Amino acid sequence: MNQHLKRAILSGNTSLGIEFGSTRIKAVLINNKYEIIASSSYEWENQWNNHYWTYHSLKMVKGLQEVYAQLKQQVMMNYGVTLSNIGSIGLSGMMQGYLVLDSAGELLVPFRTWRNLTTSTAATLLTREFQYKIPERWSIAHLYQAILNDEEHVRNINYITTLSGYMHFLLTGNKAIGVGDASGMFPINRVTKGYNEEMIRQFNEWISHKEYPWKLEDLLPSVHSAGEHAGYLHEAGARLIDPSGDLQAGIPFCPPEGDAGTGMVATNSIQTYSGSLSAGTSIFAMIVLDQDIEVYPEIDIVATPDGRPVAMVLANNCTSDINAWVKMFHEFYEALGHKAEASYLFHVLFNKALEADPDGGGLLSYGYYSGEKITGMTQGRPLFVRSPESRFTLANFMRTHLFSAFGALRLGMDILTQRENVKVEHILAHGGLFKTPLVGQKMCAAALNVPVSVMGTAGEGGAWGIAVLASYMVCKQTNESLTDYLNLNVFKDVEARRVDPDIADVNGFNRFMERYTKGIAIEQAAADHFTEKR
């Protein structure tokens with residue numbers, strides 16, 4: 001038994017991070033040295049319900065309770081202690097989307113996730129009026145689209161927030177949000193690090209003819225920067241997390257953050273010219289800027305958890321189709337009478353990609369489970385294509401799917417690096433795609449033509465990142481910046497495994513991208529002509 005970890009638990013010198021990701025809810029408990037005491041996860045999936053991608057609110061609570069119960073059980077088994085007091089807590093979740101509550105705190109409509117591309121009219125109008133890129137995923141686009149659609153629930157909105165903000169509200173009663181997550185709801189004033197006041201005024205004027213009983217500023221959560229207190233666990237929240245009654249109320253909460261911001265913290269990439277990349281169900285790169293850039297449909301401007309401007313390139317689709325193929329290979333393997341952990345099959349299949357032709361042998365795939373804004377797709381159809389001349393081998397098959405996971409992202413990154421001359425010196429990556437050592441890094445380095453590093457903390461991802469932000473809130477020195485705190489404390493002894501671009505892989509990926517770009521018409525045809533009723 002590790003006695004210093006047990007002492008941390010008993011003294012409450014711990015921080016708990018819980019992240020509501022797209023496929024998993026994950027919890028990580030750390031001590032004040034950022035070591036992991038216990039971790040747990042709960043798998044969930046979005047559902048297609050009444051023309052929207054959503055997660056049921058009951059699943060949110062069930063997942064929260066499940067990951068905490070697992071965590072509590074681990075602490076008891078490993079340290080002989082009943083978990084009852086925690087030094088600080090932070091919540092993170094999928095950014096953007098649409099969660100609206102009435103005055104009683106009840107959801108007015110099911111959660112509309114970032115995956116929904118149903119707000120193109122609203123996003124286009126807002127972008128034009130604000131002269132500021134408003135993505136379809138952003139909360140304000142969802143709200144404005146609901147207004148344009150004359151949806152009845154809009155009049156009764158009392159609060160609009162994100163997934164992390166909603167769970168924070170359930171546990172603390174506070175309508176608060178971190179600046180990074182807030183930047184996916186509404187444009188941020190880079191000076192005040194709050195919402196853009198002029199744009200709020202404009203929005204209220206545009207909808208004044210509707211005579212709603214609210215102003216936009218009354219609906220939005222208060223914005224907090226990293227290090228600020230954002231509420232305390234109330235009694236009902238403590239019972240919601242831990243129905244057994246062991247968990248004590250009164251635990252301080254840091255501002256709830258989006259998965260993009262916690263990923264940047266987990267990879268220590270909140271400084272200018274640094275970049276982080278998260279690859280899971282979706283894939284996004286975050287590049288901290290030192291200059292303003294033009295408005296592009298493919299580039300979002302968001303913020304770090306301490307309020308610095310960030311160019312965000314997000315593609316809706318990444319690993320879902322890869323996971324589906326591996327699952328099928330798993331079924332085949334079991335049909336032969338063998339048993340294997342899924343992680344082993346991922347390891348074997350991913351490593352086959354290293355034996356492939358540099359360009360994937362002339363194969364092509366699109367892992368589009370949903371629409372993809374960067375390539376102009378409003379609907380998705382997972383698709384694999386080959387010609388009679390293609391080299392159809394398992395190695396090329398796997399490399400092609402891994403390359404495809406970076407395809408849409410590459411198109412967005414080209415805008416930053418080639419049109420805006422944004423300097424990207426290095427990428428720190430995390431997420432499920434990088435769990436198999438080396439392979440995902442080599443594919444990413446080939447796709448972006450920059451060195452890619454993965455830290456030992458990357459596997460824990462955003463749950464560990466939000467736990468670090470919770471720790472920063474209670475452990476920082478007076479006026480200590482988040483950058484200094486990360487550099488001097490959290491990452492001072494952390495080593496990263498770096499992979500430099502291989503010229504053969506880079507050239508191979510460029511040839512693949514020629515096929516990928518030309519083949520988008522094939523993907524569009526599949527969306528137009530292959531439809532299944534849900």
# chains A, B, ... in the order shown; residues from 1 in each chain; ligands from 1
call {"tool": "closest_atom_pairs", "arguments": {"of": "stretch 154-258 of chain A", "to": "stretch 67-87 of chain A", "cutoff": "12 Å", "atoms": "only C-alpha atoms", "output": "JSON lines"}}
result
{"residue": "A:Tyr232", "atom": "CA", "partner": "A:Gly87", "partner_atom": "CA", "distance": 11.1}
{"residue": "A:Leu233", "atom": "CA", "partner": "A:Ile86", "partner_atom": "CA", "distance": 10.5}
{"residue": "A:Ala238", "atom": "CA", "partner": "A:Ser84", "partner_atom": "CA", "distance": 9.9}
{"residue": "A:Arg239", "atom": "CA", "partner": "A:Tyr68", "partner_atom": "CA", "distance": 11.5}
{"residue": "A:Leu240", "atom": "CA", "partner": "A:Tyr68", "partner_atom": "CA", "distance": 10.3}
{"residue": "A:Ile241", "atom": "CA", "partner": "A:Tyr68", "partner_atom": "CA", "distance": 6.7}
{"residue": "A:Asp242", "atom": "CA", "partner": "A:Tyr68", "partner_atom": "CA", "distance": 7.1}
{"residue": "A:Pro243", "atom": "CA", "partner": "A:Ala69", "partner_atom": "CA", "distance": 9.4}
{"residue": "A:Ser244", "atom": "CA", "partner": "A:Ala69", "partner_atom": "CA", "distance": 9.5}
{"residue": "A:Gly245", "atom": "CA", "partner": "A:Ser84", "partner_atom": "CA", "distance": 8.7}
{"residue": "A:Asp246", "atom": "CA", "partner": "A:Ser84", "partner_atom": "CA", "distance": 5.2}
{"residue": "A:Leu247", "atom": "CA", "partner": "A:Ser84", "partner_atom": "CA", "distance": 4.2}
{"residue": "A:Gln248", "atom": "CA", "partner": "A:Ser84", "partner_atom": "CA", "distance": 5.7}
{"residue": "A:Ala249", "atom": "CA", "partner": "A:Asn85", "partner_atom": "CA", "distance": 8.4}
{"residue": "A:Gly250", "atom": "CA", "partner": "A:Asn85", "partner_atom": "CA", "distance": 9.3}
{"residue": "A:Ile251", "atom": "CA", "partner": "A:Gly87", "partner_atom": "CA", "distance": 6.5}
{"residue": "A:Pro252", "atom": "CA", "partner": "A:Gly87", "partner_atom": "CA", "distance": 7.3}
{"residue": "A:Phe253", "atom": "CA", "partner": "A:Gly87", "partner_atom": "CA", "distance": 9.2}
{"residue": "A:Cys254", "atom": "CA", "partner": "A:Gly87", "partner_atom": "CA", "distance": 11.0}
call {"tool": "residues_around", "arguments": {"residues": "stretch 41-56 of chain A", "least_positions_apart": "4", "cutoff": "7 Å", "atoms": "only C-alpha atoms", "output": "ChimeraX atom specification"}}
result
/A:22-27,60,63,66-67,110-113,115-116
call {"tool": "write_last_selection", "arguments": {"atoms": "C-alpha atoms", "output": "PDB file, in the first residue's frame"}}
result
ATOM      1  CA  SER A  22     -18.504  11.459 -26.080  1.00  0.00           C
ATOM      2  CA  THR A  23     -18.061   7.730 -25.413  1.00  0.00           C
ATOM      3  CA  ARG A  24     -16.980   7.586 -21.780  1.00  0.00           C
ATOM      4  CA  ILE A  25     -17.568   9.353 -18.512  1.00  0.00           C
ATOM      5  CA  LYS A  26     -14.285   9.208 -16.652  1.00  0.00           C
ATOM      6  CA  ALA A  27     -13.226  10.081 -13.115  1.00  0.00           C
ATOM      7  CA  MET A  60     -25.669  11.594 -17.171  1.00  0.00           C
ATOM      8  CA  GLY A  63     -22.757   7.636 -15.265  1.00  0.00           C
ATOM      9  CA  GLU A  66     -21.215   4.790 -11.477  1.00  0.00           C
ATOM     10  CA  VAL A  67     -17.770   6.351 -11.920  1.00  0.00           C
ATOM     11  CA  PRO A 110     -33.294  16.861 -24.667  1.00  0.00           C
ATOM     12  CA  PHE A 111     -29.617  17.806 -24.820  1.00  0.00           C
ATOM     13  CA  ARG A 112     -28.643  18.692 -28.415  1.00  0.00           C
ATOM     14  CA  THR A 113     -24.995  17.747 -28.711  1.00  0.00           C
ATOM     15  CA  ARG A 115     -22.692  16.497 -33.256  1.00  0.00           C
ATOM     16  CA  ASN A 116     -25.891  18.066 -34.580  1.00  0.00           C
TER      17      ASN A 116
END
call {"tool": "closest_residue", "arguments": {"among": "A:Ala467, A:Asp505, A:Lys339, A:Gly371", "to": "A:Ile37", "atoms": "only C-alpha atoms"}}
result
A:Ala467
call {"tool": "select_by_dssp", "arguments": {"residues": "stretch 100-163 of chain A", "states": "strand (DSSP E or B)", "output": "number ranges by chain"}}
result
A: 100-101, 107, 112, 159-161
call {"tool": "closest_residue", "arguments": {"among": "A:Ser282, A:Thr393, A:Asn189, A:Ser471", "to": "A:Phe406", "atoms": "only C-alpha atoms"}}
result
A:Ser282
call {"tool": "atom_distance", "arguments": {"atom1": "atom CA of A:Asn31", "atom2": "atom CA of A:Ile9"}}
result
7.8 Å
call {"tool": "residues_around", "arguments": {"residues": "stretch 347-356 of chain A", "least_positions_apart": "5", "cutoff": "9 Å", "atoms": "only C-alpha atoms", "output": "PyMOL selection string"}}
result
chain A and resi 326+342+361+393-400+402+435-440+442
call {"tool": "write_last_selection", "arguments": {"atoms": "N, CA and C atoms", "output": "short mmCIF file (atom, residue, chain, number, x, y, z; two decimals), in the first residue's frame"}}
result
data_model
loop_
_atom_site.label_atom_id
_atom_site.label_comp_id
_atom_site.auth_asym_id
_atom_site.auth_seq_id
_atom_site.Cartn_x
_atom_site.Cartn_y
_atom_site.Cartn_z
N VAL A 326 -12.54 -2.67 -36.05
CA VAL A 326 -11.84 -3.52 -35.08
C VAL A 326 -12.83 -4.45 -34.39
N ALA A 342 -9.93 -6.59 -26.43
CA ALA A 342 -10.01 -5.63 -27.54
C ALA A 342 -8.73 -4.82 -27.64
N GLY A 361 -1.54 2.42 -50.19
CA GLY A 361 -1.78 1.49 -51.28
C GLY A 361 -2.90 1.85 -52.24
N THR A 393 -4.33 -4.80 -48.87
CA THR A 393 -3.74 -5.62 -47.80
C THR A 393 -4.24 -5.12 -46.46
N LEU A 394 -4.10 -5.95 -45.44
CA LEU A 394 -4.52 -5.53 -44.10
C LEU A 394 -3.73 -4.31 -43.65
N ALA A 395 -2.43 -4.30 -43.93
CA ALA A 395 -1.61 -3.16 -43.52
C ALA A 395 -2.09 -1.88 -44.19
N ASN A 396 -2.34 -1.92 -45.49
CA ASN A 396 -2.83 -0.72 -46.19
C ASN A 396 -4.22 -0.33 -45.73
N PHE A 397 -5.05 -1.33 -45.45
CA PHE A 397 -6.40 -1.07 -44.95
C PHE A 397 -6.35 -0.28 -43.64
N MET A 398 -5.49 -0.71 -42.72
CA MET A 398 -5.41 -0.03 -41.43
C MET A 398 -4.79 1.36 -41.57
N ARG A 399 -3.74 1.47 -42.38
CA ARG A 399 -3.13 2.80 -42.56
C ARG A 399 -4.13 3.77 -43.18
N THR A 400 -4.89 3.30 -44.14
CA THR A 400 -5.88 4.17 -44.79
C THR A 400 -6.90 4.70 -43.80
N LEU A 402 -6.50 5.00 -40.54
CA LEU A 402 -5.83 5.92 -39.63
C LEU A 402 -5.56 7.26 -40.33
N LYS A 435 -3.40 5.49 -27.74
CA LYS A 435 -3.15 4.50 -26.70
C LYS A 435 -2.16 3.43 -27.15
N THR A 436 -2.24 3.04 -28.42
CA THR A 436 -1.24 2.12 -28.95
C THR A 436 0.04 2.91 -29.19
N PRO A 437 1.13 2.57 -28.53
CA PRO A 437 2.36 3.36 -28.64
C PRO A 437 2.82 3.53 -30.08
N LEU A 438 3.30 4.72 -30.38
CA LEU A 438 3.99 5.08 -31.62
C LEU A 438 3.08 5.25 -32.83
N VAL A 439 2.11 4.34 -33.04
CA VAL A 439 1.41 4.29 -34.33
C VAL A 439 0.63 5.57 -34.60
N GLY A 440 -0.26 5.95 -33.68
CA GLY A 440 -1.05 7.16 -33.88
C GLY A 440 -0.18 8.39 -34.02
N LYS A 442 2.91 8.53 -35.30
CA LYS A 442 3.52 8.55 -36.63
C LYS A 442 2.51 9.02 -37.69
#
call {"tool": "closest_residue", "arguments": {"among": "A:Leu345, A:Ala445, A:Val313, A:Ile89", "to": "A:His330", "atoms": "only C-alpha atoms"}}
result
A:Leu345
call {"tool": "residues_around", "arguments": {"residues": "A:Tyr212", "least_positions_apart": "4", "cutoff": "9 Å", "atoms": "only C-alpha atoms", "output": "MDAnalysis selection string"}}
result
chainID A and resid 154:156 207:208
call {"tool": "residues_around", "arguments": {"residues": "stretch 502-504 of chain A", "least_positions_apart": "4", "cutoff": "10 Å", "atoms": "only C-alpha atoms", "output": "list in words"}}
result
Asp357, Pro358, Asp359, Lys442, Met443, Ala445, Ala446, Asn449, Val450, Pro451, Gly508, Phe509 and Asn510 of chain A
call {"tool": "residues_around", "arguments": {"residues": "A:Gly432", "least_positions_apart": "5", "cutoff": "9 Å", "atoms": "only C-alpha atoms", "output": "VMD selection string"}}
result
chain A and resid 278 to 281 319 459 461
call {"tool": "residues_around", "arguments": {"residues": "stretch 225-231 of chain A", "least_positions_apart": "4", "cutoff": "7 Å", "atoms": "only C-alpha atoms", "output": "PyMOL selection string"}}
result
chain A and resi 172+174+176+178-179+252-255+305-307+469+472-473
call {"tool": "closest_residue", "arguments": {"among": "A:Lys215, A:Lys518, A:His430, A:His153", "to": "A:Val109", "atoms": "only C-alpha atoms"}}
result
A:His153
call {"tool": "atom_distance", "arguments": {"atom1": "atom CA of A:Leu428", "atom2": "atom CA of A:Met513"}}
result
22.6 Å
call {"tool": "select_by_dssp", "arguments": {"residues": "stretch 52-129 of chain A", "states": "helix (DSSP H, G or I)", "output": "ChimeraX atom specification"}}
result
/A:57-79,120-129
call {"tool": "write_last_selection", "arguments": {"atoms": "C-alpha atoms", "output": "mmCIF file, in the first residue's frame"}}
result
data_model
loop_
_atom_site.group_PDB
_atom_site.id
_atom_site.type_symbol
_atom_site.label_atom_id
_atom_site.label_comp_id
_atom_site.auth_asym_id
_atom_site.auth_seq_id
_atom_site.Cartn_x
_atom_site.Cartn_y
_atom_site.Cartn_z
ATOM 1 C CA SER A 57 -30.166 13.217 -18.650
ATOM 2 C CA LEU A 58 -30.762 10.067 -16.602
ATOM 3 C CA LYS A 59 -27.661 8.533 -18.214
ATOM 4 C CA MET A 60 -25.669 11.594 -17.171
ATOM 5 C CA VAL A 61 -26.597 11.026 -13.535
ATOM 6 C CA LYS A 62 -26.215 7.244 -13.746
ATOM 7 C CA GLY A 63 -22.757 7.636 -15.265
ATOM 8 C CA LEU A 64 -21.740 10.152 -12.603
ATOM 9 C CA GLN A 65 -22.837 7.801 -9.836
ATOM 10 C CA GLU A 66 -21.215 4.790 -11.477
ATOM 11 C CA VAL A 67 -17.770 6.351 -11.920
ATOM 12 C CA TYR A 68 -17.838 7.694 -8.383
ATOM 13 C CA ALA A 69 -18.935 4.322 -6.941
ATOM 14 C CA GLN A 70 -16.086 2.582 -8.813
ATOM 15 C CA LEU A 71 -13.638 5.203 -7.584
ATOM 16 C CA LYS A 72 -14.836 4.843 -4.007
ATOM 17 C CA GLN A 73 -14.537 1.057 -4.216
ATOM 18 C CA GLN A 74 -10.966 1.308 -5.532
ATOM 19 C CA VAL A 75 -9.995 3.597 -2.683
ATOM 20 C CA MET A 76 -11.436 1.165 -0.149
ATOM 21 C CA MET A 77 -9.781 -1.879 -1.768
ATOM 22 C CA ASN A 78 -6.366 -0.278 -2.238
ATOM 23 C CA TYR A 79 -6.122 1.939 0.832
ATOM 24 C CA SER A 120 -26.632 26.157 -40.530
ATOM 25 C CA THR A 121 -29.069 29.018 -41.158
ATOM 26 C CA ALA A 122 -28.558 30.496 -37.700
ATOM 27 C CA ALA A 123 -24.789 30.033 -37.791
ATOM 28 C CA THR A 124 -24.524 31.694 -41.198
ATOM 29 C CA LEU A 125 -26.650 34.680 -40.166
ATOM 30 C CA LEU A 126 -24.798 35.167 -36.877
ATOM 31 C CA THR A 127 -21.403 34.917 -38.558
ATOM 32 C CA ARG A 128 -22.423 37.525 -41.114
ATOM 33 C CA GLU A 129 -23.871 39.942 -38.558
#
call {"tool": "closest_residue", "arguments": {"among": "A:Ser164, A:Gln441, A:Thr304, A:Asn317", "to": "A:Ala429", "atoms": "only C-alpha atoms"}}
result
A:Gln441
